[in-house]
Amino acid sequence: MELTDDYKGAVTQALTDYYAAFSTLDAHAVAPYFHEPSQIVSPAGVVPALTRAAVIAGFQPTMDALRARGFAKAEITNLRLKRLSAASVIAGGVAVRRYGQELETNGVVYLLQKTNAGWQIAAIVIHDADNALRPE
């Protein structure tokens, strides 16, 4: 399926808004970007988040630790999108966390689902930045 400009713009905006919300270090701010249920996969394991309350409970300790380390901002770079169906898009890139001049990077893949509330994250896979999705 072709990724139209409308889809690309809407998904890119949803992820940009999610990263802005993440940068507030308030787990309540990121919760609306997640589908119920959703799933987070990382080197630490698989965490199912059946509700937004579970998203909040899972994210807040991480955000508190980032605040203690002097976190400044998060953004996604090298974003690649692929439309899987009329209601799902896979997005991959590199998540960058800034701590003053320091950077921390991770590869990320998002499965986003189109809902009545807009594009929501159904799953996140966090991995080594060297293995980020590349253009075909």
# chains A, B, ... in the order shown; residues from 1 in each chain; ligands from 1

call {"tool": "select_by_dssp", "arguments": {"residues": "region 11-132 of chain A", "states": "strand (DSSP E)", "output": "MDAnalysis selection string"}}
result
chainID A and resid 34:42 45:49 73:85 88:99 102:115 118:127

call {"tool": "select_by_dssp", "arguments": {"residues": "chain A", "states": "helix (DSSP H, G or I)", "output": "PyMOL selection string"}}
result
chain A and resi 5-23+27-33+52-68+129-131

call {"tool": "closest_residue", "arguments": {"among": "A:Arg97, A:Arg52, A:Lys8, A:Arg80", "to": "Val109 (chain A)", "atoms": "only C-alpha atoms"}}
result
A:Arg80

call {"tool": "atom_distance", "arguments": {"atom1": "CA of Ala21 (chain A)", "atom2": "CA of Gly70 (chain A)"}}
result
16.8 Å

call {"tool": "closest_residue", "arguments": {"among": "A:Lys73, A:Gln101, A:Ala132, A:Gly118", "to": "Thr24 (chain A)", "atoms": "only C-alpha atoms"}}
result
A:Lys73

call {"tool": "residues_around", "arguments": {"residues": "region 86-90 of chain A", "least_positions_apart": "2", "cutoff": "10 Å", "atoms": "only C-alpha atoms", "output": "short mmCIF file (atom, residue, chain, number, x, y, z; two decimals) with C-alpha atoms, in the first residue's frame"}}
result
data_model
loop_
_atom_site.label_atom_id
_atom_site.label_comp_id
_atom_site.auth_asym_id
_atom_site.auth_seq_id
_atom_site.Cartn_x
_atom_site.Cartn_y
_atom_site.Cartn_z
CA MET A 1 0.00 0.00 0.00
CA GLU A 2 1.19 3.44 -0.85
CA LEU A 3 1.94 5.88 1.95
CA TYR A 7 -0.83 9.48 6.12
CA LYS A 8 2.81 10.53 6.26
CA VAL A 11 1.77 9.86 11.51
CA ARG A 80 11.00 5.87 8.03
CA LEU A 81 7.33 5.01 7.49
CA LYS A 82 5.56 2.12 5.78
CA ARG A 83 1.80 1.81 5.43
CA LEU A 84 0.70 -1.72 6.25
CA GLY A 92 11.18 3.37 12.57
CA VAL A 109 10.12 0.87 15.78
CA TYR A 110 6.50 1.90 16.32
CA LEU A 111 3.38 0.15 15.16
CA LEU A 112 0.70 2.82 14.99
CA GLN A 113 -3.02 2.20 14.70
CA LYS A 114 -5.50 4.70 13.29
CA THR A 115 -8.36 5.22 15.76
CA TRP A 119 -2.88 7.69 15.31
CA GLN A 120 -1.97 5.81 18.48
CA ILE A 121 1.02 3.66 19.42
CA ALA A 122 0.06 -0.01 19.59
CA ALA A 123 3.62 -1.27 20.08
CA ILE A 124 7.14 0.08 20.55
#

call {"tool": "closest_residue", "arguments": {"among": "A:Phe71, A:Tyr99, A:Tyr33, A:Phe59", "to": "Tyr19 (chain A)", "atoms": "only C-alpha atoms"}}
result
A:Tyr33

call {"tool": "closest_residue", "arguments": {"among": "A:Ala72, A:Ala44, A:Ala31, A:Tyr18", "to": "Ile56 (chain A)", "atoms": "only C-alpha atoms"}}
result
A:Ala31

call {"tool": "residues_around", "arguments": {"residues": "Asp128 (chain A)", "least_positions_apart": "6", "cutoff": "9 Å", "atoms": "only C-alpha atoms", "output": "ChimeraX atom specification"}}
result
/A:43,105-108

call {"tool": "write_last_selection", "arguments": {"atoms": "C-alpha atoms", "output": "PDB file, in the first residue's frame"}}
result
ATOM      1  CA  PRO A  43      16.303  -5.351  25.797  1.00  0.00           C
ATOM      2  CA  THR A 105      20.454   7.048  21.090  1.00  0.00           C
ATOM      3  CA  ASN A 106      18.283   3.994  20.612  1.00  0.00           C
ATOM      4  CA  GLY A 107      16.705   2.470  17.566  1.00  0.00           C
ATOM      5  CA  VAL A 108      12.904   2.481  17.755  1.00  0.00           C
TER       6      VAL A 108
END

call {"tool": "residues_around", "arguments": {"residues": "Ala20 (chain A)", "least_positions_apart": "6", "cutoff": "10 Å", "atoms": "only C-alpha atoms", "output": "PDB file with C-alpha atoms, in the first residue's frame"}}
result
ATOM      1  CA  ALA A  14       1.582  12.136  16.000  1.00  0.00           C
ATOM      2  CA  ALA A  29       1.257  13.531  29.028  1.00  0.00           C
ATOM      3  CA  VAL A  30       2.346  10.507  26.955  1.00  0.00           C
ATOM      4  CA  LYS A  73      14.745  16.778  25.328  1.00  0.00           C
ATOM      5  CA  ALA A  74      13.826  13.750  23.208  1.00  0.00           C
ATOM      6  CA  GLU A  75      13.327  13.616  19.461  1.00  0.00           C
TER       7      GLU A  75
END

call {"tool": "residues_around", "arguments": {"residues": "Leu25 (chain A)", "least_positions_apart": "4", "cutoff": "8 Å", "atoms": "only C-alpha atoms", "output": "PDB file with N, CA and C atoms, in the first residue's frame"}}
result
ATOM      1  N   ALA A  21       5.580  15.477  24.176  1.00  0.00           N
ATOM      2  CA  ALA A  21       4.964  15.090  25.448  1.00  0.00           C
ATOM      3  C   ALA A  21       5.963  14.339  26.317  1.00  0.00           C
ATOM      4  N   GLN A  60       6.646   6.463  34.305  1.00  0.00           N
ATOM      5  CA  GLN A  60       7.047   7.473  35.278  1.00  0.00           C
ATOM      6  C   GLN A  60       8.382   7.175  35.957  1.00  0.00           C
ATOM      7  N   MET A  63      11.036   8.233  33.554  1.00  0.00           N
ATOM      8  CA  MET A  63      11.076   9.688  33.429  1.00  0.00           C
ATOM      9  C   MET A  63      11.704  10.337  34.658  1.00  0.00           C
ATOM     10  N   ASP A  64      11.425   9.795  35.833  1.00  0.00           N
ATOM     11  CA  ASP A  64      12.049  10.319  37.054  1.00  0.00           C
ATOM     12  C   ASP A  64      13.567  10.132  37.003  1.00  0.00           C
ATOM     13  N   LEU A  66      15.386   9.940  34.250  1.00  0.00           N
ATOM     14  CA  LEU A  66      15.901  10.874  33.245  1.00  0.00           C
ATOM     15  C   LEU A  66      16.045  12.278  33.832  1.00  0.00           C
ATOM     16  N   ARG A  67      15.055  12.689  34.612  1.00  0.00           N
ATOM     17  CA  ARG A  67      15.109  14.013  35.258  1.00  0.00           C
ATOM     18  C   ARG A  67      16.333  14.110  36.159  1.00  0.00           C
TER      19      ARG A  67
END

call {"tool": "closest_residue", "arguments": {"among": "A:Val46, A:Ala53, A:Ala129, A:Val94", "to": "His28 (chain A)", "atoms": "only C-alpha atoms"}}
result
A:Ala53

call {"tool": "atom_distance", "arguments": {"atom1": "CA of Asn78 (chain A)", "atom2": "CA of Leu133 (chain A)"}}
result
8.5 Å

call {"tool": "atom_distance", "arguments": {"atom1": "CA of Ile126 (chain A)", "atom2": "CA of Ala95 (chain A)"}}
result
8.9 Å

call {"tool": "closest_residue", "arguments": {"among": "A:Ala27, A:Ala91, A:Val125, A:Ile76", "to": "Glu104 (chain A)", "atoms": "only C-alpha atoms"}}
result
A:Ile76
